>>> print(open('query-v9.csv').read())   # CSV, C-alpha atoms
chain,number,residue,atom,x,y,z
A,1,MET,CA,0.0,0.0,0.0
A,2,GLU,CA,2.9,2.4,0.6
A,3,ASN,CA,3.4,2.7,-3.2
A,4,PHE,CA,-0.3,3.2,-3.9
A,5,LYS,CA,-1.1,6.3,-6.0
A,6,ILE,CA,-4.4,7.8,-6.8
A,7,GLY,CA,-5.5,6.4,-10.1
A,8,ASP,CA,-3.5,3.1,-9.8
A,9,GLU,CA,-6.8,1.2,-9.8
A,10,LEU,CA,-7.5,2.5,-13.3
A,11,ASN,CA,-6.3,0.8,-16.5
A,12,TRP,CA,-4.4,3.7,-18.2
A,13,ASN,CA,-3.6,1.4,-21.2
A,14,ALA,CA,-7.3,1.0,-22.0
A,15,PRO,CA,-8.3,2.3,-25.5
A,16,TRP,CA,-9.8,5.8,-26.0
A,17,ILE,CA,-13.5,6.0,-26.8
A,18,ASN,CA,-15.6,8.8,-28.2
A,19,VAL,CA,-17.9,10.7,-25.7
A,20,PHE,CA,-19.8,13.9,-25.6
A,21,LEU,CA,-19.3,16.5,-22.9
A,22,SER,CA,-22.6,18.4,-22.4
A,23,VAL,CA,-22.8,21.7,-20.5
A,24,GLU,CA,-25.4,24.4,-20.1
A,25,LEU,CA,-24.2,28.0,-20.4
A,26,PRO,CA,-25.5,30.6,-18.0
A,27,PHE,CA,-26.8,32.6,-20.9
A,28,TRP,CA,-28.2,32.1,-24.4
A,29,LEU,CA,-26.2,32.2,-27.6
A,30,MET,CA,-28.5,34.0,-30.0
A,31,VAL,CA,-27.9,31.5,-32.9
A,32,ASP,CA,-29.8,28.6,-34.4
A,33,ASP,CA,-28.8,25.0,-33.7
A,34,CYS,CA,-25.5,24.2,-35.5
A,35,THR,CA,-22.2,22.4,-35.1
A,36,ILE,CA,-19.0,24.4,-35.0
A,37,PRO,CA,-15.4,23.1,-35.4
A,38,VAL,CA,-13.3,24.8,-32.7
A,39,ASP,CA,-9.5,24.5,-33.1
A,40,ILE,CA,-7.4,24.3,-29.9
A,41,ALA,CA,-3.7,23.6,-30.2
A,42,GLY,CA,-4.1,22.1,-33.6
A,43,HIS,CA,-7.0,19.8,-32.7
A,44,ALA,CA,-10.5,20.5,-34.0
A,45,PHE,CA,-13.3,19.8,-31.5
A,46,SER,CA,-16.8,19.5,-32.9
A,47,VAL,CA,-19.1,21.6,-30.7
A,48,ALA,CA,-22.9,21.3,-31.2
A,49,ILE,CA,-25.1,24.2,-30.1
A,50,LYS,CA,-28.4,23.1,-28.8
A,51,GLU,CA,-31.3,25.5,-28.1
A,52,SER,CA,-34.1,23.1,-27.5
A,53,TYR,CA,-32.9,21.3,-24.4
A,54,CYS,CA,-35.1,21.0,-21.3
A,55,GLU,CA,-34.7,19.3,-17.9
A,56,LEU,CA,-37.5,17.2,-16.4
A,57,TYR,CA,-37.4,17.3,-12.6
A,58,GLY,CA,-39.0,14.8,-10.2
A,59,ALA,CA,-40.5,16.0,-6.8
A,60,GLU,CA,-38.8,19.5,-6.8
A,61,ILE,CA,-36.5,21.7,-8.9
A,62,MET,CA,-33.1,21.9,-7.2
A,63,ASP,CA,-30.2,24.2,-8.1
A,64,SER,CA,-27.9,21.2,-7.9
A,65,ARG,CA,-29.9,19.3,-10.6
A,66,GLN,CA,-29.9,16.2,-8.4
A,67,THR,CA,-33.6,15.6,-9.1
A,68,VAL,CA,-33.3,15.7,-12.9
A,69,CYS,CA,-34.9,12.6,-14.5
A,70,TYR,CA,-34.4,13.5,-18.2
A,71,ARG,CA,-32.4,16.1,-20.1
A,72,GLY,CA,-32.9,16.8,-23.8
A,73,PRO,CA,-35.5,18.1,-26.2
A,74,ARG,CA,-39.0,18.3,-24.6
A,75,LYS,CA,-41.0,15.1,-25.3
A,76,ASN,CA,-44.5,13.9,-24.7
A,77,ALA,CA,-44.9,11.6,-21.6
A,78,LYS,CA,-45.2,8.4,-23.7
A,79,ASP,CA,-41.9,9.2,-25.5
A,80,LEU,CA,-39.8,9.8,-22.4
A,81,PRO,CA,-37.0,7.2,-21.5
A,82,VAL,CA,-38.1,4.1,-19.8
A,83,GLU,CA,-36.2,5.2,-16.7
A,84,VAL,CA,-38.6,8.1,-16.2
A,85,HIS,CA,-41.6,5.7,-16.5
A,86,GLN,CA,-40.0,3.5,-13.9
A,87,VAL,CA,-39.7,6.4,-11.5
A,88,HIS,CA,-43.3,7.4,-12.1
A,89,LYS,CA,-44.5,3.8,-11.5
A,90,LYS,CA,-42.5,3.6,-8.3
A,91,HIS,CA,-43.7,7.0,-7.1
A,92,PRO,CA,-47.1,7.6,-8.8
A,93,GLY,CA,-47.9,10.7,-6.7
A,94,MET,CA,-44.6,12.5,-7.5
A,95,PRO,CA,-44.9,15.7,-9.5
A,96,PHE,CA,-42.8,16.2,-12.6
A,97,MET,CA,-41.8,19.7,-13.8
A,98,TRP,CA,-40.0,21.0,-16.9
A,99,ARG,CA,-37.3,23.7,-16.9
A,100,LYS,CA,-36.2,25.2,-20.2
A,101,CYS,CA,-32.4,25.2,-20.5
A,102,LYS,CA,-30.4,28.1,-21.8
A,103,THR,CA,-27.9,27.2,-24.5
A,104,VAL,CA,-26.4,23.7,-24.2
A,105,LEU,CA,-23.1,22.8,-25.8
A,106,LYS,CA,-22.1,19.2,-26.7
A,107,ILE,CA,-18.4,18.7,-27.3
A,108,GLU,CA,-17.3,15.5,-29.0
A,109,THR,CA,-14.0,14.3,-27.4
A,110,ARG,CA,-12.4,11.2,-26.1
A,111,CYS,CA,-12.2,9.4,-22.7
A,112,ASN,CA,-10.4,6.4,-21.3
A,113,GLU,CA,-12.6,3.3,-21.8
A,114,ASP,CA,-11.9,1.9,-18.3
A,115,VAL,CA,-12.8,5.2,-16.7
A,116,TRP,CA,-16.1,5.3,-18.6
A,117,ALA,CA,-16.9,1.7,-17.7
A,118,LYS,CA,-16.3,2.3,-14.0
A,119,ALA,CA,-18.2,5.6,-14.1
A,120,ILE,CA,-21.4,4.0,-15.4
A,121,ALA,CA,-21.1,1.0,-13.1
A,122,GLU,CA,-23.2,0.9,-10.0
A,123,ASP,CA,-20.1,1.2,-7.8
A,124,GLN,CA,-19.3,4.8,-8.6
A,125,GLY,CA,-17.4,5.6,-5.4
A,126,ARG,CA,-14.0,5.6,-6.9
A,127,PHE,CA,-12.2,8.9,-6.2
A,128,ALA,CA,-9.9,8.5,-9.2
A,129,VAL,CA,-12.8,8.1,-11.6
A,130,HIS,CA,-14.5,11.2,-10.4
A,131,GLN,CA,-11.3,13.2,-10.4
A,132,TYR,CA,-10.5,12.0,-14.0
A,133,LEU,CA,-13.9,13.2,-15.2
A,134,ILE,CA,-13.6,16.5,-13.4
A,135,GLU,CA,-10.3,17.2,-15.1
A,136,LEU,CA,-11.6,16.0,-18.5
A,137,CYS,CA,-14.4,18.5,-18.3
A,138,ARG,CA,-12.3,21.3,-16.9
A,139,ALA,CA,-9.8,20.8,-19.8
A,140,HIS,CA,-12.5,21.6,-22.3
A,141,ILE,CA,-13.4,25.0,-20.9
A,142,PRO,CA,-10.9,26.7,-23.3
A,143,VAL,CA,-12.9,25.0,-26.1
A,144,VAL,CA,-16.1,26.6,-24.8
A,145,ASN,CA,-14.4,30.0,-24.3
A,146,LYS,CA,-13.0,30.0,-27.8
A,147,LEU,CA,-16.5,29.5,-29.2
A,148,ILE,CA,-17.8,32.3,-26.9
A,149,GLN,CA,-15.0,34.6,-28.0
A,150,ALA,CA,-15.9,34.2,-31.6
A,151,TYR,CA,-19.6,34.7,-30.9
A,152,ARG,CA,-18.9,37.9,-28.9
A,153,LEU,CA,-16.7,39.4,-31.6
A,154,LEU,CA,-19.3,38.6,-34.4
A,155,THR,CA,-22.4,39.7,-32.4
A,156,TYR,CA,-21.3,42.1,-29.7
A,157,ASP,CA,-23.8,40.4,-27.4
A,158,TYR,CA,-23.5,42.3,-24.2
A,159,PHE,CA,-24.7,39.4,-22.0
A,160,ALA,CA,-22.3,36.7,-23.1
A,161,PHE,CA,-19.0,36.3,-21.3
A,162,GLU,CA,-16.1,33.9,-21.1
A,163,VAL,CA,-16.9,31.2,-18.5
A,164,SER,CA,-15.0,29.6,-15.6
A,165,PRO,CA,-15.6,26.4,-13.6
A,166,TRP,CA,-17.8,28.5,-11.3
A,167,ASP,CA,-20.1,29.5,-14.3
A,168,VAL,CA,-20.2,26.0,-15.8
A,169,SER,CA,-19.8,23.8,-12.8
A,170,ARG,CA,-22.1,20.9,-13.8
A,171,TRP,CA,-21.2,18.7,-16.8
A,172,PHE,CA,-22.6,15.5,-18.3
A,173,ILE,CA,-20.4,12.9,-19.9
A,174,GLU,CA,-22.6,11.0,-22.5
A,175,ARG,CA,-22.1,7.9,-24.6
A,176,ASP,CA,-24.6,5.5,-26.3
A,177,GLY,CA,-27.6,6.8,-24.3
A,178,GLY,CA,-25.8,6.6,-21.0
A,179,ALA,CA,-24.7,9.6,-19.0
A,180,VAL,CA,-22.8,10.5,-15.8
A,181,SER,CA,-22.5,13.9,-14.2
A,182,SER,CA,-19.4,15.7,-13.0
A,183,ILE,CA,-19.2,18.8,-10.7
A,184,LEU,CA,-16.2,21.1,-11.0
A,185,VAL,CA,-17.0,23.3,-7.9
A,186,PRO,CA,-18.6,21.3,-5.0
A,187,TYR,CA,-20.1,24.5,-3.6
A,188,ARG,CA,-22.5,24.6,-6.6
A,189,MET,CA,-24.0,21.3,-5.5
A,190,TRP,CA,-25.2,22.7,-2.2
A,191,ASP,CA,-29.0,23.0,-2.1
A,192,TYR,CA,-28.8,23.7,1.6
A,193,LYS,CA,-26.2,25.1,4.0
A,194,PRO,CA,-23.8,22.5,5.3
A,195,ALA,CA,-24.9,21.0,8.6
A,196,ILE,CA,-22.5,20.8,11.6
A,197,PHE,CA,-22.7,19.3,15.1
A,198,ASN,CA,-21.7,21.5,17.9
A,199,THR,CA,-21.4,18.5,20.2
A,200,PRO,CA,-21.5,14.8,19.5
A,201,ASP,CA,-25.0,14.5,21.0
A,202,SER,CA,-26.5,17.7,19.7
A,203,PRO,CA,-28.7,17.9,16.5
A,204,ALA,CA,-27.3,19.1,13.3
A,205,VAL,CA,-27.5,22.9,12.7
A,206,PRO,CA,-26.8,24.9,9.6
A,207,TYR,CA,-23.2,26.2,9.4
A,208,GLN,CA,-23.0,30.0,9.9
A,209,LEU,CA,-20.1,32.4,9.8
A,210,ILE,CA,-21.9,35.1,11.9
A,211,LYS,CA,-25.0,35.3,14.1
A,212,GLY,CA,-27.8,37.6,13.1
A,213,ASP,CA,-27.4,39.8,16.2
A,214,ASP,CA,-23.7,40.3,15.4
A,215,LEU,CA,-24.5,41.3,11.8
A,216,CYS,CA,-27.1,43.7,13.1
A,217,THR,CA,-24.6,45.3,15.5
A,218,GLY,CA,-21.9,45.6,12.9
A,219,ILE,CA,-24.1,46.8,10.0
A,220,SER,CA,-22.4,50.2,10.0
A,221,THR,CA,-18.9,48.8,10.0
A,222,VAL,CA,-16.6,50.7,7.6
A,223,GLY,CA,-13.9,48.8,5.7
A,224,THR,CA,-10.3,49.9,5.8
A,225,PRO,CA,-8.8,51.3,2.6
A,226,GLY,CA,-8.7,48.6,-0.1
A,227,GLU,CA,-10.5,46.0,2.0
A,228,PHE,CA,-13.5,45.6,-0.3
A,229,ASP,CA,-11.0,45.3,-3.3
A,230,LEU,CA,-9.2,42.6,-1.3
A,231,MET,CA,-12.5,40.7,-0.8
A,232,ASP,CA,-13.4,41.2,-4.4
A,233,ALA,CA,-10.0,39.7,-5.4
A,234,LEU,CA,-10.6,36.6,-3.2
A,235,ASN,CA,-14.0,36.2,-4.6
A,236,LEU,CA,-12.9,36.5,-8.2
A,237,MET,CA,-10.2,33.8,-7.6
A,238,GLU,CA,-13.0,31.4,-6.4
A,239,ARG,CA,-15.1,32.3,-9.4
A,240,GLY,CA,-12.3,31.9,-11.9
A,241,ASP,CA,-11.8,35.5,-13.0
A,242,TYR,CA,-8.0,35.4,-12.4
A,243,SER,CA,-7.2,38.5,-14.4
A,244,GLY,CA,-9.8,40.5,-12.5
A,245,ALA,CA,-8.4,39.1,-9.2
A,246,VAL,CA,-4.9,40.4,-10.1
A,247,ARG,CA,-6.3,43.9,-10.9
A,248,ARG,CA,-8.3,44.0,-7.7
A,249,ILE,CA,-5.5,42.8,-5.4
A,250,SER,CA,-3.2,45.4,-6.9
A,251,THR,CA,-5.8,48.1,-6.3
A,252,ALA,CA,-6.2,46.9,-2.7
A,253,ILE,CA,-2.5,47.1,-2.1
A,254,GLU,CA,-2.1,50.5,-3.6
A,255,ALA,CA,-5.1,51.8,-1.6
A,256,VAL,CA,-3.7,50.6,1.8
A,257,VAL,CA,-0.2,51.8,1.0
A,258,ALA,CA,-1.6,55.3,0.2
A,259,ALA,CA,-3.6,55.3,3.4
A,260,VAL,CA,-0.7,54.2,5.7
A,261,ALA,CA,1.8,56.5,4.0
A,262,PHE,CA,-0.5,59.4,4.4
A,263,GLU,CA,-1.0,58.5,8.1
A,264,GLN,CA,2.7,58.4,8.8
A,265,VAL,CA,3.5,61.7,6.9
A,266,ASP,CA,0.5,63.4,8.6
A,267,VAL,CA,1.9,62.4,12.1
A,268,ALA,CA,5.5,63.4,11.2
A,269,GLU,CA,5.0,66.5,9.0
A,270,GLY,CA,1.4,67.6,9.1
A,271,THR,CA,-1.7,67.1,7.0
A,272,GLN,CA,-0.7,69.6,4.2
A,273,LYS,CA,2.6,67.8,3.7
A,274,ALA,CA,0.8,64.5,3.7
A,275,GLU,CA,-1.7,65.6,1.0
A,276,LYS,CA,1.2,67.1,-1.1
A,277,PHE,CA,3.2,63.8,-0.8
A,278,LEU,CA,0.3,61.7,-2.1
A,279,GLN,CA,-0.2,64.2,-4.9
A,280,ASP,CA,3.5,64.2,-5.9
A,281,THR,CA,3.7,60.3,-5.7
A,282,GLN,CA,0.5,59.4,-7.7
A,283,MET,CA,2.7,57.6,-10.2
A,284,ASP,CA,5.5,56.5,-7.8
A,285,PHE,CA,4.2,53.6,-5.7
A,286,ILE,CA,7.7,52.5,-4.7
A,287,ARG,CA,8.4,56.0,-3.2
A,288,ARG,CA,5.4,55.7,-1.1
A,289,ILE,CA,6.5,52.4,0.3
A,290,LYS,CA,10.0,53.7,1.0
A,291,LYS,CA,8.5,56.8,2.8
A,292,TYR,CA,6.4,54.5,4.9
A,293,GLU,CA,9.3,52.3,5.8
A,294,LYS,CA,11.4,55.3,6.8
A,295,LEU,CA,8.8,56.9,9.0
A,296,SER,CA,7.3,53.7,10.5
A,297,LYS,CA,10.8,52.1,10.9
A,298,ARG,CA,9.2,48.9,9.6
A,299,GLU,CA,11.1,47.0,6.9
A,300,PHE,CA,9.3,45.5,3.9
A,301,PRO,CA,10.6,41.9,3.7
A,302,LYS,CA,12.6,41.1,0.5
A,303,TYR,CA,10.3,38.1,-0.3
A,304,PHE,CA,7.2,40.2,-0.3
A,305,GLN,CA,9.0,42.8,-2.4
A,306,THR,CA,9.7,40.2,-5.0
A,307,GLU,CA,6.1,38.9,-4.9
A,308,LEU,CA,4.7,42.4,-5.1
A,309,THR,CA,6.9,43.3,-8.1
A,310,ALA,CA,5.8,40.2,-9.9
A,311,THR,CA,2.2,40.9,-9.2
A,312,ARG,CA,2.5,44.5,-10.4
A,313,LYS,CA,4.2,43.4,-13.6
A,314,LEU,CA,1.4,40.9,-14.2
A,315,ARG,CA,-1.2,43.6,-13.6
A,316,HIS,CA,0.6,45.8,-16.1
A,317,ARG,CA,0.4,43.1,-18.7
A,318,ILE,CA,-3.3,42.6,-18.0
A,319,VAL,CA,-4.2,46.3,-18.0
A,320,HIS,CA,-1.9,47.6,-20.8
A,321,GLN,CA,-1.4,44.6,-23.0
A,322,ALA,CA,-4.8,42.9,-22.7
A,323,TYR,CA,-3.2,39.8,-21.3
A,324,ARG,CA,-5.9,37.2,-20.1
A,325,ILE,CA,-5.2,34.5,-17.5
A,326,THR,CA,-7.1,31.4,-18.6
A,327,SER,CA,-8.5,28.7,-16.4
A,328,SER,CA,-6.0,26.2,-18.0
A,329,GLU,CA,-3.1,28.2,-16.4
>>> encode(input="query-v9.csv", output="structure tokens")
Amino acid sequence: MENFKIGDELNWNAPWINVFLSVELPFWLMVDDCTIPVDIAGHAFSVAIKESYCELYGAEIMDSRQTVCYRGPRKNAKDLPVEVHQVHKKHPGMPFMWRKCKTVLKIETRCNEDVWAKAIAEDQGRFAVHQYLIELCRAHIPVVNKLIQAYRLLTYDYFAFEVSPWDVSRWFIERDGGAVSSILVPYRMWDYKPAIFNTPDSPAVPYQLIKGDDLCTGISTVGTPGEFDLMDALNLMERGDYSGAVRRISTAIEAVVAAVAFEQVDVAEGTQKAEKFLQDTQMDFIRRIKKYEKLSKREFPKYFQTELTATRKLRHRIVHQAYRITSSE
């Protein structure tokens, strides 16, 4: 067992098989059904655009899609798959509800045959299988975004945008009428807040970060300079907007440096000198840091200087050279 690695239980020498990766966009592409070849690194992926897809839910409609019984073009009851009729027969009183999907993309690609066989088997509890499918789907986000980029350039549709795993978290891997799902961001599967146990014998309660009374007390709290930009940067990282995160964190750092430099000069030389210093150093961020170091007698560690320099150079490429950090990076 000491040499066991995740994925050793899979047959990596198994042949490749064709599968379809199906994903719903969070918006509509205003185009008729068609199939588009999308070239990525010299390989052409066939991407079918589907506008007629619906989801049929049993019992209740859930954001996680866990109650979906059927996904595809809307059908009459008699034409639905046998699995849906079996569910209805087992639960005759269960309500069924349709939801119209936005644009659905189906990407033809390849998958390891052994992974597929284990994925559709009843025993689906293999971590390596789930992880393989997650990475398979994630690797095709650049295909989706290249299609969206072309659509945006040709239409100037204001509502379409490049997607991240957060935006297209749930994927379906389909072959020969069978399908399994894959979730890229587990948070998106939560239909309810996570439950925790305060003590072993206590009932489960929803996980909370703050109590209502504390939120009420702190409703007038004012953030420090750059704090909201810092929180924006952290949020954008989770949502997959990495270029936006770099811009925001750079703004947060500059805001807090301006604030603490002003404070130190104000104490040492007066408010007028502090205001003039900020005006004179609008384009000289490093001078502000050095001034703060001198007056506060605090040294900026070399490691963080290196990190900050790299971040600011990256921000410069993003802002001035239109560099875009992709999810594959």
>>> closest_residue(input="query-v9.csv", among="A:Glu60, A:Val143, A:Val115, A:Phe285", to="Gly42 of chain A", atoms="all atoms listed in the file")
A:Val143
>>> closest_residue(input="query-v9.csv", among="A:Arg239, A:Lys290, A:Lys118, A:Arg71", to="Val163 of chain A", atoms="all atoms listed in the file")
A:Arg239
>>> closest_residue(input="query-v9.csv", among="A:Trp28, A:Trp16, A:Tyr303, A:Trp116", to="Glu174 of chain A", atoms="only C-alpha atoms")
A:Trp116
>>> closest_atom_pairs(input="query-v9.csv", of="segment 24-55 of chain A", to="segment 88-105 of chain A", cutoff="10 Å", atoms="all atoms listed in the file", output="JSON lines")
{"residue": "A:Glu24", "atom": "CA", "partner": "A:Val104", "partner_atom": "CA", "distance": 4.3}
{"residue": "A:Leu25", "atom": "CA", "partner": "A:Thr103", "partner_atom": "CA", "distance": 5.6}
{"residue": "A:Pro26", "atom": "CA", "partner": "A:Lys102", "partner_atom": "CA", "distance": 6.7}
{"residue": "A:Phe27", "atom": "CA", "partner": "A:Lys102", "partner_atom": "CA", "distance": 5.8}
{"residue": "A:Trp28", "atom": "CA", "partner": "A:Thr103", "partner_atom": "CA", "distance": 4.9}
{"residue": "A:Leu29", "atom": "CA", "partner": "A:Thr103", "partner_atom": "CA", "distance": 6.1}
{"residue": "A:Met30", "atom": "CA", "partner": "A:Thr103", "partner_atom": "CA", "distance": 8.8}
{"residue": "A:Val31", "atom": "CA", "partner": "A:Thr103", "partner_atom": "CA", "distance": 9.4}
{"residue": "A:Asp33", "atom": "CA", "partner": "A:Thr103", "partner_atom": "CA", "distance": 9.5}
{"residue": "A:Thr35", "atom": "CA", "partner": "A:Leu105", "partner_atom": "CA", "distance": 9.4}
{"residue": "A:Val47", "atom": "CA", "partner": "A:Leu105", "partner_atom": "CA", "distance": 6.4}
{"residue": "A:Ala48", "atom": "CA", "partner": "A:Leu105", "partner_atom": "CA", "distance": 5.6}
{"residue": "A:Ile49", "atom": "CA", "partner": "A:Leu105", "partner_atom": "CA", "distance": 4.9}
{"residue": "A:Lys50", "atom": "CA", "partner": "A:Val104", "partner_atom": "CA", "distance": 5.1}
{"residue": "A:Glu51", "atom": "CA", "partner": "A:Thr103", "partner_atom": "CA", "distance": 5.2}
{"residue": "A:Ser52", "atom": "CA", "partner": "A:Cys101", "partner_atom": "CA", "distance": 7.5}
{"residue": "A:Tyr53", "atom": "CA", "partner": "A:Cys101", "partner_atom": "CA", "distance": 5.5}
{"residue": "A:Cys54", "atom": "CA", "partner": "A:Lys100", "partner_atom": "CA", "distance": 4.5}
{"residue": "A:Glu55", "atom": "CA", "partner": "A:Arg99", "partner_atom": "CA", "distance": 5.2}
>>> closest_residue(input="query-v9.csv", among="A:Arg317, A:Arg312, A:Lys291, A:Lys276", to="Val257 of chain A", atoms="all atoms listed in the file")
A:Lys291
>>> residues_around(input="query-v9.csv", residues="Ile183 of chain A", least_positions_apart="3", cutoff="8 Å", atoms="all atoms listed in the file", output="ChimeraX atom specification")
/A:134,169-171,186,188-189
>>> atom_distance(input="query-v9.csv", atom1="atom CA of Ala139 of chain A", atom2="atom CA of Ser328 of chain A")
6.8 Å
>>> atom_distance(input="query-v9.csv", atom1="atom CA of Gln208 of chain A", atom2="atom CA of Val246 of chain A")
28.9 Å
>>> atom_distance(input="query-v9.csv", atom1="atom CA of Glu162 of chain A", atom2="atom CA of Ala44 of chain A")
19.4 Å
>>> closest_residue(input="query-v9.csv", among="A:Leu184, A:Ala77, A:Val265, A:Ala59", to="Glu238 of chain A", atoms="all atoms listed in the file")
A:Leu184
>>> closest_residue(input="query-v9.csv", among="A:Ala179, A:Ala258, A:Ile107, A:Val84", to="Asp284 of chain A", atoms="only C-alpha atoms")
A:Ala258
>>> residues_around(input="query-v9.csv", residues="Ala255 of chain A", least_positions_apart="3", cutoff="8 Å", atoms="only C-alpha atoms", output="PyMOL selection string")
chain A and resi 225-226+251-252+258-259
>>> residues_around(input="query-v9.csv", residues="Thr67 of chain A", least_positions_apart="3", cutoff="9 Å", atoms="all atoms listed in the file", output="MDAnalysis selection string")
chainID A and resid 56:62 64
>>> build_atoms(input="query-v9.csv", residues="segment 107-127 of chain A", atoms="N, CA and C atoms", output="PDB file, keeping the file's coordinate frame")
ATOM      1  N   ILE A 107     -19.754  18.784 -26.701  1.00  0.00           N
ATOM      2  CA  ILE A 107     -18.400  18.700 -27.300  1.00  0.00           C
ATOM      3  C   ILE A 107     -18.036  17.257 -27.484  1.00  0.00           C
ATOM      4  N   GLU A 108     -17.696  16.909 -28.713  1.00  0.00           N
ATOM      5  CA  GLU A 108     -17.300  15.500 -29.000  1.00  0.00           C
ATOM      6  C   GLU A 108     -15.767  15.431 -28.659  1.00  0.00           C
ATOM      7  N   THR A 109     -15.429  14.465 -27.821  1.00  0.00           N
ATOM      8  CA  THR A 109     -14.000  14.300 -27.400  1.00  0.00           C
ATOM      9  C   THR A 109     -13.788  12.835 -27.087  1.00  0.00           C
ATOM     10  N   ARG A 110     -12.699  12.544 -26.405  1.00  0.00           N
ATOM     11  CA  ARG A 110     -12.400  11.200 -26.100  1.00  0.00           C
ATOM     12  C   ARG A 110     -12.141  10.969 -24.598  1.00  0.00           C
ATOM     13  N   CYS A 111     -12.328   9.719 -24.170  1.00  0.00           N
ATOM     14  CA  CYS A 111     -12.200   9.400 -22.700  1.00  0.00           C
ATOM     15  C   CYS A 111     -11.603   7.987 -22.632  1.00  0.00           C
ATOM     16  N   ASN A 112     -10.925   7.734 -21.552  1.00  0.00           N
ATOM     17  CA  ASN A 112     -10.400   6.400 -21.300  1.00  0.00           C
ATOM     18  C   ASN A 112     -11.541   5.409 -21.087  1.00  0.00           C
ATOM     19  N   GLU A 113     -11.499   4.292 -21.813  1.00  0.00           N
ATOM     20  CA  GLU A 113     -12.600   3.300 -21.800  1.00  0.00           C
ATOM     21  C   GLU A 113     -12.818   2.738 -20.394  1.00  0.00           C
ATOM     22  N   ASP A 114     -11.735   2.479 -19.673  1.00  0.00           N
ATOM     23  CA  ASP A 114     -11.900   1.900 -18.300  1.00  0.00           C
ATOM     24  C   ASP A 114     -12.512   2.888 -17.377  1.00  0.00           C
ATOM     25  N   VAL A 115     -12.183   4.171 -17.507  1.00  0.00           N
ATOM     26  CA  VAL A 115     -12.800   5.200 -16.700  1.00  0.00           C
ATOM     27  C   VAL A 115     -14.311   5.235 -16.947  1.00  0.00           C
ATOM     28  N   TRP A 116     -14.681   5.210 -18.223  1.00  0.00           N
ATOM     29  CA  TRP A 116     -16.100   5.300 -18.600  1.00  0.00           C
ATOM     30  C   TRP A 116     -16.852   4.045 -18.026  1.00  0.00           C
ATOM     31  N   ALA A 117     -16.251   2.871 -18.165  1.00  0.00           N
ATOM     32  CA  ALA A 117     -16.900   1.700 -17.700  1.00  0.00           C
ATOM     33  C   ALA A 117     -17.131   1.710 -16.169  1.00  0.00           C
ATOM     34  N   LYS A 118     -16.155   2.216 -15.438  1.00  0.00           N
ATOM     35  CA  LYS A 118     -16.300   2.300 -14.000  1.00  0.00           C
ATOM     36  C   LYS A 118     -17.268   3.452 -13.609  1.00  0.00           C
ATOM     37  N   ALA A 119     -17.322   4.494 -14.429  1.00  0.00           N
ATOM     38  CA  ALA A 119     -18.200   5.600 -14.100  1.00  0.00           C
ATOM     39  C   ALA A 119     -19.667   5.244 -14.229  1.00  0.00           C
ATOM     40  N   ILE A 120     -20.016   4.405 -15.194  1.00  0.00           N
ATOM     41  CA  ILE A 120     -21.400   4.000 -15.400  1.00  0.00           C
ATOM     42  C   ILE A 120     -21.808   2.806 -14.587  1.00  0.00           C
ATOM     43  N   ALA A 121     -20.824   2.149 -13.945  1.00  0.00           N
ATOM     44  CA  ALA A 121     -21.100   1.000 -13.100  1.00  0.00           C
ATOM     45  C   ALA A 121     -21.842   1.435 -11.845  1.00  0.00           C
ATOM     46  N   GLU A 122     -22.513   0.526 -11.197  1.00  0.00           N
ATOM     47  CA  GLU A 122     -23.200   0.900 -10.000  1.00  0.00           C
ATOM     48  C   GLU A 122     -22.303   1.338  -8.875  1.00  0.00           C
ATOM     49  N   ASP A 123     -21.118   0.761  -8.813  1.00  0.00           N
ATOM     50  CA  ASP A 123     -20.100   1.200  -7.800  1.00  0.00           C
ATOM     51  C   ASP A 123     -19.366   2.380  -8.368  1.00  0.00           C
ATOM     52  N   GLN A 124     -19.866   3.588  -8.106  1.00  0.00           N
ATOM     53  CA  GLN A 124     -19.300   4.800  -8.600  1.00  0.00           C
ATOM     54  C   GLN A 124     -18.441   5.548  -7.593  1.00  0.00           C
ATOM     55  N   GLY A 125     -18.097   4.891  -6.499  1.00  0.00           N
ATOM     56  CA  GLY A 125     -17.400   5.600  -5.400  1.00  0.00           C
ATOM     57  C   GLY A 125     -15.947   5.691  -5.530  1.00  0.00           C
ATOM     58  N   ARG A 126     -15.415   5.566  -6.726  1.00  0.00           N
ATOM     59  CA  ARG A 126     -14.000   5.600  -6.900  1.00  0.00           C
ATOM     60  C   ARG A 126     -13.524   7.073  -7.081  1.00  0.00           C
ATOM     61  N   PHE A 127     -12.672   7.535  -6.198  1.00  0.00           N
ATOM     62  CA  PHE A 127     -12.200   8.900  -6.200  1.00  0.00           C
ATOM     63  C   PHE A 127     -11.485   9.206  -7.555  1.00  0.00           C
TER      64      PHE A 127
END
